[in-house]
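Q: upload34.cif is reproduced below (mmCIF, C-alpha atoms and all ligand atoms).
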```cif
data_final
loop_
_atom_site.label_atom_id
_atom_site.label_comp_id
_atom_site.auth_asym_id
_atom_site.auth_seq_id
_atom_site.Cartn_x
_atom_site.Cartn_y
_atom_site.Cartn_z
CA MET A 1356 37.77 -10.97 222.12
CA ASP A 1357 37.51 -9.57 225.67
CA GLN A 1358 37.20 -5.86 226.40
CA ASP A 1359 40.89 -5.34 227.03
CA LEU A 1360 41.81 -6.99 223.74
CA GLN A 1361 39.23 -4.79 222.01
CA LEU A 1362 40.91 -1.75 223.54
CA MET A 1363 44.35 -2.95 222.36
CA LYS A 1364 42.97 -3.55 218.88
CA GLU A 1365 41.49 -0.08 218.68
CA LEU A 1366 44.64 1.57 220.03
CA THR A 1367 47.08 -0.27 217.76
CA GLU A 1368 45.02 0.00 214.59
CA ALA A 1369 44.46 3.75 214.87
CA ALA A 1370 46.78 5.87 212.76
CA GLY A 1371 49.11 8.26 214.59
CA PRO A 1372 52.00 9.60 212.51
CA PRO A 1373 54.13 12.11 214.43
CA GLY A 1374 52.60 15.57 214.15
CA LEU A 1375 49.47 14.10 212.54
CA GLU A 1376 48.05 12.19 215.50
CA VAL A 1377 44.41 13.27 215.19
CA ARG A 1378 42.95 9.75 214.94
CA ILE A 1379 44.80 8.20 217.86
CA HIS A 1380 44.33 11.46 219.77
CA ASN A 1381 40.55 11.05 219.40
CA VAL A 1382 40.66 7.39 220.50
CA MET A 1383 42.73 8.33 223.56
CA ARG A 1384 40.43 11.24 224.38
CA ARG A 1385 37.34 9.02 224.23
CA TYR A 1386 38.85 6.44 226.59
CA LEU A 1387 40.30 9.07 228.92
CA GLU A 1388 36.86 10.69 229.17
CA GLN A 1389 35.44 7.35 230.29
CA GLN A 1390 37.96 7.21 233.14
CA THR A 1391 38.11 10.83 234.27
CA SER A 1392 36.04 13.98 234.17
CA HIS A 1393 39.04 16.23 233.86
CA ILE A 1394 41.25 16.19 230.75
CA LEU A 1395 44.34 18.31 230.32
CA SER A 1396 46.00 18.96 226.97
CA ASP A 1397 48.95 20.94 225.68
CA ASN A 1398 48.70 22.96 222.47
CA LEU A 1399 50.32 20.23 220.32
CA GLY A 1400 47.88 17.41 221.09
CA SER A 1401 49.38 15.62 224.09
CA LEU A 1402 46.61 14.52 226.40
CA VAL A 1403 46.20 13.34 230.01
CA GLY A 1404 43.26 12.44 232.20
CA CYS A 1405 43.41 13.65 235.83
CA LEU A 1406 42.33 11.70 238.90
CA GLY A 1407 42.35 12.76 242.53
CA GLU A 1408 42.77 16.07 244.25
CA GLY A 1409 45.68 17.65 246.08
CA GLY A 1410 48.94 16.00 247.07
CA PRO A 1411 51.88 15.52 244.72
CA ARG A 1412 51.32 15.65 240.99
CA ILE A 1413 52.20 12.32 239.38
CA LEU A 1414 52.55 12.12 235.60
CA LEU A 1415 52.25 8.85 233.67
CA ALA A 1416 53.09 9.55 230.05
CA ALA A 1417 53.08 7.18 227.12
CA HIS A 1418 53.40 8.50 223.57
CA MET A 1419 50.62 8.14 221.06
CA ASP A 1420 52.55 8.68 217.81
CA GLU A 1421 54.07 5.85 215.77
CA VAL A 1422 56.83 5.68 213.16
CA ALA A 1423 55.27 6.51 209.79
CA PHE A 1424 55.84 8.55 206.63
CA MET A 1425 54.61 11.58 204.75
CA VAL A 1426 54.16 11.96 200.99
CA SER A 1427 57.09 14.14 199.95
CA HIS A 1428 56.59 14.10 196.19
CA ILE A 1429 54.30 12.57 193.55
CA THR A 1430 56.27 11.40 190.52
CA ARG A 1431 55.07 12.05 187.00
CA ASP A 1432 54.15 8.35 186.78
CA GLY A 1433 51.97 8.51 189.90
CA PHE A 1434 54.34 6.97 192.47
CA LEU A 1435 54.68 8.54 195.92
CA ARG A 1436 58.05 9.39 197.46
CA LEU A 1437 58.45 9.14 201.21
CA GLN A 1438 59.56 11.42 204.01
CA PRO A 1439 60.15 9.12 207.01
CA LEU A 1440 58.63 10.30 210.30
CA GLY A 1441 60.73 8.60 212.97
CA GLY A 1442 63.50 6.03 212.71
CA TRP A 1443 63.13 3.50 209.88
CA TRP A 1444 65.60 0.98 208.51
CA GLY A 1445 65.27 0.39 204.77
CA HIS A 1446 65.49 -3.36 205.21
CA VAL A 1447 62.10 -3.64 206.95
CA MET A 1448 60.16 -1.45 204.53
CA LEU A 1449 60.15 -3.10 201.11
CA ALA A 1450 57.01 -4.87 199.84
CA GLN A 1451 54.99 -3.75 202.87
CA ARG A 1452 51.41 -2.52 202.58
CA VAL A 1453 50.56 1.00 203.70
CA HIS A 1454 47.59 3.32 203.97
CA VAL A 1455 47.86 6.79 202.47
CA LEU A 1456 45.48 9.00 204.43
CA THR A 1457 44.03 11.46 201.93
CA ARG A 1458 41.25 14.04 202.13
CA LYS A 1459 39.14 11.65 200.03
CA GLY A 1460 39.76 8.63 202.28
CA ASP A 1461 42.41 5.99 202.94
CA LEU A 1462 44.16 4.48 199.93
CA THR A 1463 45.98 1.17 200.09
CA GLY A 1464 49.43 1.06 198.55
CA VAL A 1465 52.61 -0.98 198.66
CA ILE A 1466 56.21 0.10 199.07
CA GLY A 1467 57.57 -1.05 195.73
CA SER A 1468 60.54 -3.37 195.38
CA LYS A 1469 62.39 -5.13 192.59
CA ALA A 1470 61.89 -8.86 192.08
CA PRO A 1471 64.97 -10.94 193.03
CA HIS A 1472 65.18 -12.11 189.42
CA VAL A 1473 66.58 -8.78 188.30
CA LEU A 1474 68.84 -7.94 191.24
CA SER A 1475 72.60 -7.96 190.75
CA VAL A 1476 74.77 -9.72 193.34
CA GLN A 1477 75.82 -6.32 194.69
CA GLU A 1478 72.23 -5.06 194.93
CA ARG A 1479 71.20 -8.08 196.96
CA LYS A 1480 73.81 -7.21 199.61
CA ASN A 1481 72.76 -3.57 199.99
CA VAL A 1482 70.16 -1.95 202.18
CA LEU A 1483 68.16 0.28 199.90
CA ASP A 1484 68.12 4.01 200.58
CA ILE A 1485 64.71 5.22 201.68
CA GLU A 1486 65.03 8.14 199.22
CA THR A 1487 64.93 5.65 196.36
CA MET A 1488 61.78 3.91 197.62
CA PHE A 1489 58.24 4.76 196.60
CA VAL A 1490 54.64 3.83 197.30
CA ASP A 1491 52.60 2.33 194.48
CA ILE A 1492 48.88 3.09 194.80
CA GLY A 1493 48.09 1.91 191.30
CA ALA A 1494 47.93 5.41 189.82
CA SER A 1495 49.27 5.81 186.29
CA SER A 1496 50.11 9.52 186.50
CA ARG A 1497 50.49 12.39 188.94
CA GLU A 1498 47.13 13.71 187.81
CA GLU A 1499 45.46 10.40 188.54
CA ALA A 1500 47.09 10.19 191.99
CA GLU A 1501 45.82 13.70 192.70
CA MET A 1502 42.38 12.73 191.47
CA PHE A 1503 42.43 9.86 194.00
CA GLY A 1504 42.97 12.56 196.63
CA VAL A 1505 46.73 12.35 197.22
CA GLU A 1506 48.54 15.56 198.18
CA VAL A 1507 52.09 16.25 199.26
CA GLY A 1508 52.07 16.14 203.07
CA ASP A 1509 49.54 13.31 203.37
CA PRO A 1510 50.42 10.81 206.11
CA ILE A 1511 51.34 7.22 205.26
CA VAL A 1512 50.98 4.50 207.91
CA PRO A 1513 51.77 0.78 208.01
CA ILE A 1514 48.96 -1.75 207.66
CA CYS A 1515 48.95 -4.56 210.21
CA PRO A 1516 45.71 -5.76 211.81
CA PHE A 1517 45.77 -6.63 215.51
CA GLU A 1518 46.01 -10.37 216.08
CA VAL A 1519 46.11 -12.71 219.07
CA LEU A 1520 48.65 -15.44 218.29
CA PRO A 1521 48.16 -19.17 219.05
CA ASN A 1522 49.71 -18.55 222.47
CA PRO A 1523 46.95 -16.14 223.53
CA ARG A 1524 49.34 -14.09 225.66
CA MET A 1525 51.35 -13.16 222.55
CA LEU A 1526 49.87 -10.21 220.71
CA MET A 1527 50.84 -9.02 217.24
CA ALA A 1528 50.03 -5.54 215.91
CA LYS A 1529 51.50 -2.45 214.37
CA ALA A 1530 52.51 0.44 216.63
CA TRP A 1531 52.97 -1.44 219.91
CA ASP A 1532 55.57 1.34 220.12
CA ASN A 1533 53.87 2.93 221.87
CA ARG A 1534 50.24 1.94 222.08
CA ALA A 1535 51.48 -0.52 224.71
CA GLY A 1536 52.18 2.52 226.90
CA CYS A 1537 48.83 4.10 225.98
CA TYR A 1538 47.06 0.90 227.05
CA VAL A 1539 48.98 0.81 230.35
CA ALA A 1540 48.15 4.48 231.07
CA LEU A 1541 44.43 3.88 230.46
CA LYS A 1542 44.34 0.72 232.57
CA VAL A 1543 46.16 2.41 235.46
CA LEU A 1544 43.51 5.15 235.47
CA GLU A 1545 40.74 2.55 235.39
CA ARG A 1546 42.23 0.75 238.40
CA LEU A 1547 42.95 3.93 240.36
CA ARG A 1548 39.35 5.08 240.06
CA ARG A 1549 38.46 2.33 242.51
CA GLU A 1550 41.40 2.80 244.87
CA HIS A 1551 42.58 5.51 247.24
CA HIS A 1552 45.69 7.37 246.17
CA PRO A 1553 47.20 10.33 248.07
CA ASN A 1554 47.99 12.45 245.02
CA THR A 1555 46.73 13.81 241.73
CA VAL A 1556 47.47 11.51 238.82
CA PHE A 1557 47.80 12.70 235.24
CA ALA A 1558 47.89 9.75 232.85
CA GLY A 1559 47.83 9.78 229.07
CA ALA A 1560 50.09 10.22 226.09
CA THR A 1561 52.33 12.72 224.36
CA VAL A 1562 52.66 13.51 220.66
CA GLN A 1563 55.77 13.60 218.45
CA GLU A 1564 57.99 11.34 220.56
CA GLU A 1565 59.37 9.55 217.52
CA VAL A 1566 60.73 12.75 216.00
CA GLY A 1567 62.47 14.06 219.12
CA LEU A 1568 60.43 13.82 222.33
CA ARG A 1569 58.62 17.03 221.44
CA GLY A 1570 55.21 16.54 223.02
CA ALA A 1571 56.89 15.37 226.22
CA GLN A 1572 58.47 18.78 226.60
CA THR A 1573 55.19 20.65 226.19
CA LEU A 1574 53.18 18.20 228.30
CA ALA A 1575 55.69 18.34 231.15
CA HIS A 1576 55.37 22.14 231.21
CA THR A 1577 51.58 21.84 231.11
CA VAL A 1578 51.32 19.32 233.96
CA ASP A 1579 54.26 20.52 236.07
CA PRO A 1580 54.64 17.11 237.79
CA ASP A 1581 56.49 16.29 241.02
CA VAL A 1582 57.27 12.74 239.89
CA ALA A 1583 56.88 11.15 236.47
CA PHE A 1584 56.88 7.77 234.79
CA ALA A 1585 57.51 7.49 231.06
CA LEU A 1586 55.66 4.45 229.73
CA ASP A 1587 57.16 2.94 226.61
CA VAL A 1588 58.43 -0.24 224.97
CA GLY A 1589 61.97 -1.58 225.00
CA VAL A 1590 63.80 -3.74 222.50
CA ALA A 1591 63.25 -7.44 223.23
CA GLY A 1592 66.42 -9.51 223.18
CA ASP A 1593 64.84 -12.94 222.92
CA THR A 1594 64.91 -13.54 219.17
CA PRO A 1595 67.55 -15.36 217.10
CA GLY A 1596 70.52 -13.20 216.22
CA MET A 1597 70.24 -10.82 219.18
CA ASN A 1598 73.24 -10.89 221.48
CA GLN A 1599 73.54 -10.01 225.16
CA LYS A 1600 74.89 -6.56 224.36
CA GLU A 1601 72.02 -5.71 222.02
CA GLY A 1602 69.36 -6.69 224.52
CA HIS A 1603 68.62 -9.34 227.05
CA SER A 1604 64.96 -8.73 227.93
CA ARG A 1605 62.47 -11.50 227.30
CA LEU A 1606 58.80 -11.30 226.46
CA GLY A 1607 56.65 -12.29 229.42
CA ALA A 1608 59.42 -11.91 232.03
CA GLY A 1609 58.09 -8.64 233.51
CA PRO A 1610 58.12 -4.94 232.73
CA LEU A 1611 61.45 -3.27 231.94
CA LEU A 1612 62.82 -0.79 234.45
CA GLY A 1613 65.02 1.66 232.59
CA PHE A 1614 68.36 2.15 234.36
CA TYR A 1615 69.99 3.96 231.46
CA ASP A 1616 69.23 5.29 228.01
CA ASN A 1617 70.86 8.06 226.06
CA SER A 1618 68.27 10.61 227.15
CA MET A 1619 68.05 9.93 230.89
CA ILE A 1620 69.41 8.27 233.99
CA PRO A 1621 66.57 7.69 236.46
CA HIS A 1622 66.46 9.49 239.77
CA LEU A 1623 68.13 7.16 242.25
CA LYS A 1624 65.60 7.33 245.10
CA LEU A 1625 62.72 6.86 242.72
CA ARG A 1626 64.53 3.92 241.13
CA ASP A 1627 64.98 2.38 244.59
CA LEU A 1628 61.28 2.83 245.35
CA VAL A 1629 60.30 1.15 242.08
CA ILE A 1630 62.54 -1.86 242.78
CA GLU A 1631 61.40 -2.16 246.40
CA THR A 1632 57.77 -1.99 245.33
CA ALA A 1633 58.18 -4.63 242.64
CA LYS A 1634 59.92 -6.93 245.13
CA LYS A 1635 57.34 -6.38 247.86
CA GLN A 1636 54.42 -6.96 245.51
CA ARG A 1637 56.17 -9.93 243.85
CA ILE A 1638 55.86 -8.34 240.45
CA PRO A 1639 58.49 -9.68 238.04
CA TYR A 1640 60.72 -7.08 236.41
CA GLN A 1641 63.73 -6.82 234.14
CA ILE A 1642 66.45 -4.19 234.30
CA ASP A 1643 66.96 -2.46 231.00
CA LEU A 1644 69.84 -0.44 229.62
CA MET A 1645 69.31 1.06 226.18
CA PRO A 1646 72.40 3.04 225.11
CA GLY A 1647 71.06 3.50 221.58
CA GLY A 1648 67.74 5.20 222.23
CA GLY A 1649 65.80 7.66 224.32
CA THR A 1650 62.29 8.11 225.67
CA ASP A 1651 59.98 10.93 226.69
CA GLY A 1652 61.63 10.66 230.10
CA GLY A 1653 64.55 12.51 228.55
CA LYS A 1654 62.53 15.68 228.26
CA ILE A 1655 60.25 15.23 231.25
CA HIS A 1656 63.04 14.87 233.81
CA THR A 1657 64.67 18.14 232.76
CA ALA A 1658 61.44 20.17 232.83
CA ASN A 1659 61.26 23.12 235.21
CA ARG A 1660 63.64 22.49 238.13
CA GLY A 1661 63.88 18.79 237.29
CA VAL A 1662 61.38 15.97 237.78
CA PRO A 1663 62.39 12.63 239.33
CA THR A 1664 61.47 10.27 236.50
CA MET A 1665 61.67 6.58 235.71
CA VAL A 1666 60.97 4.73 232.47
CA ILE A 1667 58.75 1.66 232.82
CA SER A 1668 58.30 -0.26 229.59
CA VAL A 1669 57.41 -3.62 228.15
CA ALA A 1670 59.64 -5.65 225.88
CA ALA A 1671 58.54 -5.63 222.24
CA ARG A 1672 59.88 -7.48 219.23
CA TYR A 1673 60.45 -5.83 215.82
CA ILE A 1674 59.65 -2.23 216.80
CA HIS A 1675 60.04 0.48 214.17
CA SER A 1676 58.73 -1.85 211.50
CA HIS A 1677 55.24 -2.69 210.26
CA VAL A 1678 54.60 -5.31 212.90
CA SER A 1679 55.54 -5.94 216.51
CA ILE A 1680 54.83 -8.50 219.24
CA VAL A 1681 54.34 -7.99 222.98
CA HIS A 1682 53.31 -10.29 225.83
CA ARG A 1683 50.05 -9.64 227.66
CA ASP A 1684 51.56 -10.56 231.06
CA ASP A 1685 54.06 -7.72 230.71
CA LEU A 1686 51.28 -5.20 230.08
CA GLU A 1687 49.34 -6.44 233.09
CA HIS A 1688 52.38 -6.46 235.37
CA ALA A 1689 53.29 -2.93 234.29
CA VAL A 1690 49.78 -1.78 235.23
CA ARG A 1691 49.97 -3.48 238.65
CA LEU A 1692 53.40 -2.03 239.38
CA LEU A 1693 52.35 1.51 238.46
CA VAL A 1694 49.14 1.32 240.51
CA GLU A 1695 51.16 0.22 243.56
CA LEU A 1696 53.72 2.97 242.98
CA VAL A 1697 51.11 5.71 242.65
CA LYS A 1698 49.45 4.59 245.89
CA GLN A 1699 52.74 5.08 247.73
CA LEU A 1700 53.61 8.50 246.35
CA ASP A 1701 52.20 10.67 249.12
CA GLU A 1702 53.63 14.03 250.07
CA SER A 1703 56.27 12.78 252.49
CA THR A 1704 57.51 10.05 250.10
CA VAL A 1705 57.73 12.52 247.22
CA ASN A 1706 59.52 15.06 249.41
CA ARG A 1707 61.96 12.36 250.51
CA ILE A 1708 62.59 11.46 246.87
CA LYS A 1709 63.10 15.08 245.92
CA GLY A 1710 65.40 15.59 248.91
CA LEU A 1711 63.15 18.22 250.48
CA ASP A 1712 62.25 18.58 254.13
CA ARG A 1713 58.67 18.34 255.34
CA ARG A 1714 57.94 21.96 254.47
CA GLY A 1715 59.13 21.29 250.98
CA GLY A 1716 62.02 23.73 251.02
CA ARG A 1717 65.49 22.64 251.95
CA PRO A 1718 67.59 19.78 250.55
CA GLN A 1719 68.64 17.30 253.24
CA GLU A 1720 72.16 16.17 253.86
CA GLU A 1721 71.88 12.73 252.34
CA GLY A 1722 75.44 11.93 251.35
CA GLU A 1723 76.04 9.47 254.19
CA LYS A 1724 72.88 7.52 253.63
CA ARG A 1725 73.58 7.05 249.99
CA LEU A 1726 76.84 5.28 250.73
CA GLU A 1727 74.96 2.74 252.83
CA ARG A 1728 72.96 1.57 249.85
CA GLU A 1729 73.36 -1.98 248.69
CA PRO A 1730 75.92 -1.90 245.91
CA SER A 1731 73.67 -3.24 243.17
CA TYR A 1732 70.48 -5.09 242.42
CA VAL A 1733 71.55 -6.19 238.99
ZN ZN B 1801 59.81 4.24 218.96
#
```
Translate this structure into structure tokens?
A:
Amino acid sequence: MDQDLQLMKELTEAAGPPGLEVRIHNVMRRYLEQQTSHILSDNLGSLVGCLGEGGPRILLAAHMDEVAFMVSHITRDGFLRLQPLGGWWGHVMLAQRVHVLTRKGDLTGVIGSKAPHVLSVQERKNVLDIETMFVDIGASSREEAEMFGVEVGDPIVPICPFEVLPNPRMLMAKAWDNRAGCYVALKVLERLRREHHPNTVFAGATVQEEVGLRGAQTLAHTVDPDVAFALDVGVAGDTPGMNQKEGHSRLGAGPLLGFYDNSMIPHLKLRDLVIETAKKQRIPYQIDLMPGGGTDGGKIHTANRGVPTMVISVAARYIHSHVSIVHRDDLEHAVRLLVELVKQLDESTVNRIKGLDRRGGRPQEEGEKRLEREPSYV
């Protein structure tokens, strides 16, 4: 396994339930410290490494948390009830292995399910309510579960070891949402250390995205960026049963440029710059519209007086389940695109994007120019 795969393995296998991100936070901190001497953090655990001095402030923010659970109740018989942390669908949960992270160590359990032999016809058609599900850790009573170390509030995370599939560009792991973005942020920093860029870059990851973009809000206030990129994953549309409306992105066909989601519409001039850069550098890309979801960009772009922001993601299959698949080419192309973008974001380009004159004060009259734009790139 090469170094980059090792990094992906470490990132995806680390636990990071929303609000309880300490393990992935520590992994991110260690790698950020290798790339930069200056780390900036908000008070909730979001973390960025800083490179460069002066010029516009450019934020590259992934999120480090993953969809997970919390122990909400221990039954008298020793089964654990679940509080979901982030968006889960009951269908993908049953019979999956989990780790319960207790003060005495990690316990393996399974989300219990009935055998098909005993299911009625009606039961087979239903999606089970998460409130009725439970984790079985093999305890025979509440007391025994407590003796094993389990307490209400303990985090529960999916188990899924990182694996390179027979096509070595296809990578399977838990939590690609959004360790893919964490990986991209770290690799962009690594590349920028060796290149000149006319700005200060803050790259890293937020906490608590999966429960409402919370760390993005606090990190944006901490960094106070001039321009931002939210790094995330998008829903791949290249599996059986997905239709054009649900998603049309394909693994390996280039990073996704977010044109719309229900938390943000990207700043037009920044969007144009991203497209022009991808075309000039011959980096493949896919245009993504995600009406049913949001990203950290939703909070970042409304921070302070507003931050021109764009979401750059990679397509991922089966997100918000135990296991997901991404394509290594997409990760690498996302890194290349972001490095090229950062190199271009000098003061005059950022001022042009923000509609400010050279002294950074007055909005320009840009109405005419906008009408001259090509109608569409789609
Ligand atoms: Zn997610």
Q: Step by step, measure atom-to-atom distances between ligand ZN 1801 (chain B) and each residue using all atoms listed in the file, keep those at most 7 Å, then write them as an MDAnalysis selection string.
A: chainID A and resid 1421:1422 1532:1533 1565 1674:1675
Q: Find the residues around region 1384-1391 of chain A up to 7 Å (all atoms listed in the file counted), leave out those fewer than 2 positions away in its own chain, and share them as a list in words.
A: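 Counting all atoms listed in the file, the residues come to His1380, Asn1381, Val1382, His1393, Gly1404, Cys1405, Leu1406, Leu1541, Leu1544 and Glu1545 of chain A.
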Q: Can you tell me which residues surround Lys1634 (chain A) at a distance of at most 12 Å, considering all atoms listed in the file, apart from same-chain residues fewer than 3 positions away, and format the answer as a list in words?
A: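 Counting all atoms listed in the file, the residues come to Gly1609, Asp1627, Leu1628, Val1629, Ile1630, Glu1631, Arg1637, Ile1638, Pro1639, Tyr1640, Gln1641, Leu1692, Glu1695, Leu1696 and Tyr1732 of chain A.
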Q: Can you write out the residues you just picked, keeping C-alpha atoms, as a JSON list (two decimals), in the coordinates of the input?
A:
```json
[["chain", "number", "residue", "atom", "x", "y", "z"],
["A", 1609, "GLY", "CA", 58.09, -8.64, 233.51],
["A", 1627, "ASP", "CA", 64.98, 2.38, 244.59],
["A", 1628, "LEU", "CA", 61.28, 2.83, 245.35],
["A", 1629, "VAL", "CA", 60.30, 1.15, 242.08],
["A", 1630, "ILE", "CA", 62.54, -1.86, 242.78],
["A", 1631, "GLU", "CA", 61.40, -2.16, 246.40],
["A", 1637, "ARG", "CA", 56.17, -9.93, 243.85],
["A", 1638, "ILE", "CA", 55.86, -8.34, 240.45],
["A", 1639, "PRO", "CA", 58.49, -9.68, 238.04],
["A", 1640, "TYR", "CA", 60.72, -7.08, 236.41],
["A", 1641, "GLN", "CA", 63.73, -6.82, 234.14],
["A", 1692, "LEU", "CA", 53.40, -2.03, 239.38],
["A", 1695, "GLU", "CA", 51.16, 0.22, 243.56],
["A", 1696, "LEU", "CA", 53.72, 2.97, 242.98],
["A", 1732, "TYR", "CA", 70.48, -5.09, 242.42]]
```
Q: Residues near Arg1412 (chain A), anyone? I mean within 6 Å using only C-alpha atoms, not counting same-chain ones fewer than 6 positions away, as a ChimeraX atom specification.
A: /A:1555,1580-1581
Q: Ranking A:Pro1646, A:Gly1508, A:Pro1621, A:Pro1471 by minimum distance to Met1665 (chain A) and counting all atoms listed in the file, which one comes first?
A: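 The shortest atom-to-atom distance to Met1665 (chain A) comes from A:Pro1621.
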Q: Return the single residue from A:Ala1633, A:Ala1370, A:Met1619, A:Ala1535 that is closest to Leu1456 (chain A), with distances computed using all atoms listed in the file.
A: A:Ala1370
Q: For a cutoff of 12 Å around the file-coordinate point (51.2, -0.2, 202.0), which residues qualify once you count all atoms listed in the file? I'd like the result as a JSON list (two decimals) with C-alpha atoms, in the coordinates of the input.
A:
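What landed in selection11.json:
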```json
[["chain", "number", "residue", "atom", "x", "y", "z"],
["A", 1423, "ALA", "CA", 55.27, 6.51, 209.79],
["A", 1424, "PHE", "CA", 55.84, 8.55, 206.63],
["A", 1435, "LEU", "CA", 54.68, 8.54, 195.92],
["A", 1437, "LEU", "CA", 58.45, 9.14, 201.21],
["A", 1448, "MET", "CA", 60.16, -1.45, 204.53],
["A", 1449, "LEU", "CA", 60.15, -3.10, 201.11],
["A", 1450, "ALA", "CA", 57.01, -4.87, 199.84],
["A", 1451, "GLN", "CA", 54.99, -3.75, 202.87],
["A", 1452, "ARG", "CA", 51.41, -2.52, 202.58],
["A", 1453, "VAL", "CA", 50.56, 1.00, 203.70],
["A", 1454, "HIS", "CA", 47.59, 3.32, 203.97],
["A", 1455, "VAL", "CA", 47.86, 6.79, 202.47],
["A", 1456, "LEU", "CA", 45.48, 9.00, 204.43],
["A", 1461, "ASP", "CA", 42.41, 5.99, 202.94],
["A", 1462, "LEU", "CA", 44.16, 4.48, 199.93],
["A", 1463, "THR", "CA", 45.98, 1.17, 200.09],
["A", 1464, "GLY", "CA", 49.43, 1.06, 198.55],
["A", 1465, "VAL", "CA", 52.61, -0.98, 198.66],
["A", 1466, "ILE", "CA", 56.21, 0.10, 199.07],
["A", 1467, "GLY", "CA", 57.57, -1.05, 195.73],
["A", 1468, "SER", "CA", 60.54, -3.37, 195.38],
["A", 1489, "PHE", "CA", 58.24, 4.76, 196.60],
["A", 1490, "VAL", "CA", 54.64, 3.83, 197.30],
["A", 1491, "ASP", "CA", 52.60, 2.33, 194.48],
["A", 1492, "ILE", "CA", 48.88, 3.09, 194.80],
["A", 1493, "GLY", "CA", 48.09, 1.91, 191.30],
["A", 1510, "PRO", "CA", 50.42, 10.81, 206.11],
["A", 1511, "ILE", "CA", 51.34, 7.22, 205.26],
["A", 1512, "VAL", "CA", 50.98, 4.50, 207.91],
["A", 1513, "PRO", "CA", 51.77, 0.78, 208.01],
["A", 1514, "ILE", "CA", 48.96, -1.75, 207.66],
["A", 1515, "CYS", "CA", 48.95, -4.56, 210.21],
["A", 1677, "HIS", "CA", 55.24, -2.69, 210.26]]
```
Q: Would you pick out the contacts of Gly1410 (chain A) at 10 Å or less, using all atoms listed in the file, so that residues sharing its chain but fewer than 6 positions from it are not included, and give the list as a PyMOL selection string?
A: chain A and resi 1552-1556+1581+1700-1703+1705
Q: Just the number, please: distance in Å from CA of Val1669 (chain A) to CA of Gln1699 (chain A), one decimal.
A: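 These atoms are spaced 21.9 Å apart.
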Q: What's the separation between CA of Ser1396 (chain A) and CA of Lys1709 (chain A), in Å to one decimal place?
A: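 Computed distance, CA of Ser1396 (chain A) to CA of Lys1709 (chain A), equals 25.8 Å.
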Q: When distances are computed from all atoms listed in the file, which of A:Thr1594, A:Val1507, A:Asn1398, A:Ala1583 shows the smallest separation from Arg1626 (chain A)?
A: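 The shortest atom-to-atom distance to Arg1626 (chain A) comes from A:Ala1583.
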Q: Please report the interatomic distance between CA of Val1681 (chain A) and CA of Pro1521 (chain A) in Å with one decimal.
A: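 Distance between the two atoms: 13.4 Å.
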Q: Kindly indicate which residue among A:Ala1540, A:Leu1686, A:Leu1586, A:Leu1574 lies nearest to Asp1397 (chain A), using all atoms listed in the file for the distances.
A: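 Going through A:Ala1540, A:Leu1686, A:Leu1586, A:Leu1574 one by one, the smallest distance to Asp1397 (chain A) is for A:Leu1574.
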Q: A:Lys1635, A:Arg1691, A:His1656, A:His1472: which is nearest Lys1542 (chain A), counting all atoms listed in the file?
A: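 So, comparing all the options, the nearest one is A:Arg1691.
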Q: Can you work out which one of A:Pro1373, A:Pro1411, A:Gly1607, A:Gly1592 has the shortest atom-to-atom distance to Thr1704 (chain A), counting all atoms listed in the file?
A: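 Result for the nearest residue to Thr1704 (chain A): A:Pro1411.
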Q: Do a neighbour search on Ser1668 (chain A) at 8 Å with all atoms listed in the file, toss out local chain neighbours closer than 5 positions, and write the hits as a list in words.
A: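 Listing them by chain and then by number gives Gly1536, Ala1585, Leu1586, Asp1587, Val1588, Gly1589, Pro1610, Leu1611, Leu1612, Gly1613 and Ala1689 of chain A.
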